[in-house]
Amino acid sequence: MKIGELARETGVSVRLLRYYEEQGLLGSERTPGGHRLYGPDAPAVVRRIRALLGAGLPTRVIAEVLDCVCGSEAEIEPCLSPMLVARLDAIDEEIHDLQGTRSSLAALVAATGGRPLAPDD
């Protein structure tokens with residue numbers, strides 16, 4: 001499958017597909033003319049990459065764990081669970097920190113006579 005076909009099938013731009021390849025996430029063969037050819041599993045690999053990116057994993061981590069993804073993009077080997085739980089904990093901590101920052105900023109805005117902000121505003 002050529003890169004344009006893969007882009008159409010997955011809805012991912014050619015530029016991003018090249019980036020995934022540069023990052024070691026997606027493999028291809030080269031024709032004698034230098035064109036990329038992807039295997040029949042490439043659409044599934046791209047969907048897995050997109051799912052892991054959507055879960056907030058950086059490409060460097062995805063490169064390490066992509067082989068542990070099996071079946072569909074949502075099926076992972078149990079060996080990934082500790083890493084995913086650690087990432088989830090880190091995100092929860094970031095959210096907590098941002099909520100504290102937001103509260104402090106809202107108090108400053110209120111103290112300067114700015115509009116009062118509701119807790120969820």
# chains A, B, ... in the order shown; residues from 1 in each chain; ligands from 1
>>> residues_around(residues="A:Leu52", least_positions_apart="2", cutoff="12 Å", atoms="only C-alpha atoms", output="ChimeraX atom specification")
/A:25,45-50,54-66,68-69,72-76,80,84,87
>>> select_by_dssp(residues="chain A", states="strand (DSSP E or B)", output="PyMOL selection string")
chain A and resi 2+29-30+36-37+69+76
>>> atom_distance(atom1="atom CA of A:Asp97", atom2="atom CA of A:Ser81")
24.2 Å
>>> closest_residue(among="A:Ile95, A:Ala42, A:Ala51, A:Leu26", to="A:Leu6", atoms="only C-alpha atoms")
A:Ala42
>>> closest_residue(among="A:Pro78, A:Gly4, A:Gly113, A:Gly11", to="A:Arg36", atoms="only C-alpha atoms")
A:Gly4
>>> atom_distance(atom1="atom CA of A:Asp41", atom2="atom CA of A:Gly27")
10.2 Å
>>> atom_distance(atom1="atom CA of A:Thr10", atom2="atom CA of A:Arg30")
20.3 Å
>>> select_by_dssp(residues="stretch 58-96 of chain A", states="helix (DSSP H, G or I)", output="list in words")
Thr59, Arg60, Val61, Ile62, Ala63, Glu64, Val65, Leu66, Asp67, Cys68, Pro78, Cys79, Leu80, Ser81, Pro82, Met83, Leu84, Val85, Ala86, Arg87, Leu88, Asp89, Ala90, Ile91, Asp92, Glu93, Glu94, Ile95 and His96 of chain A
>>> write_last_selection(atoms="C-alpha atoms", output="PDB file, in the first residue's frame")
ATOM      1  CA  THR A  59       5.534   9.086  20.710  1.00  0.00           C
ATOM      2  CA  ARG A  60       8.710   8.028  22.547  1.00  0.00           C
ATOM      3  CA  VAL A  61       6.594   5.915  24.922  1.00  0.00           C
ATOM      4  CA  ILE A  62       4.424   4.618  22.084  1.00  0.00           C
ATOM      5  CA  ALA A  63       7.574   3.414  20.310  1.00  0.00           C
ATOM      6  CA  GLU A  64       8.421   1.358  23.399  1.00  0.00           C
ATOM      7  CA  VAL A  65       4.973  -0.145  23.918  1.00  0.00           C
ATOM      8  CA  LEU A  66       3.485  -0.468  20.431  1.00  0.00           C
ATOM      9  CA  ASP A  67       4.474  -4.137  20.213  1.00  0.00           C
ATOM     10  CA  CYS A  68       2.405  -4.798  23.355  1.00  0.00           C
ATOM     11  CA  PRO A  78      -1.360  -6.867  30.668  1.00  0.00           C
ATOM     12  CA  CYS A  79       2.339  -5.964  30.868  1.00  0.00           C
ATOM     13  CA  LEU A  80       1.377  -2.394  29.891  1.00  0.00           C
ATOM     14  CA  SER A  81      -1.031  -1.906  32.764  1.00  0.00           C
ATOM     15  CA  PRO A  82       1.519  -0.549  35.297  1.00  0.00           C
ATOM     16  CA  MET A  83       2.823   2.000  32.793  1.00  0.00           C
ATOM     17  CA  LEU A  84      -0.675   3.113  31.859  1.00  0.00           C
ATOM     18  CA  VAL A  85      -1.708   3.388  35.511  1.00  0.00           C
ATOM     19  CA  ALA A  86       1.412   5.476  36.209  1.00  0.00           C
ATOM     20  CA  ARG A  87       0.554   7.765  33.287  1.00  0.00           C
ATOM     21  CA  LEU A  88      -3.023   8.087  34.551  1.00  0.00           C
ATOM     22  CA  ASP A  89      -1.738   8.973  38.031  1.00  0.00           C
ATOM     23  CA  ALA A  90       0.556  11.625  36.525  1.00  0.00           C
ATOM     24  CA  ILE A  91      -2.358  13.142  34.609  1.00  0.00           C
ATOM     25  CA  ASP A  92      -4.494  13.178  37.778  1.00  0.00           C
ATOM     26  CA  GLU A  93      -1.667  15.004  39.567  1.00  0.00           C
ATOM     27  CA  GLU A  94      -1.397  17.545  36.729  1.00  0.00           C
ATOM     28  CA  ILE A  95      -5.159  18.141  36.908  1.00  0.00           C
ATOM     29  CA  HIS A  96      -4.935  18.648  40.666  1.00  0.00           C
TER      30      HIS A  96
END
>>> residues_around(residues="A:Glu29", least_positions_apart="3", cutoff="9 Å", atoms="only C-alpha atoms", output="list in words")
Gly34, His35, Arg36, Leu37, Tyr38 and Gly39 of chain A
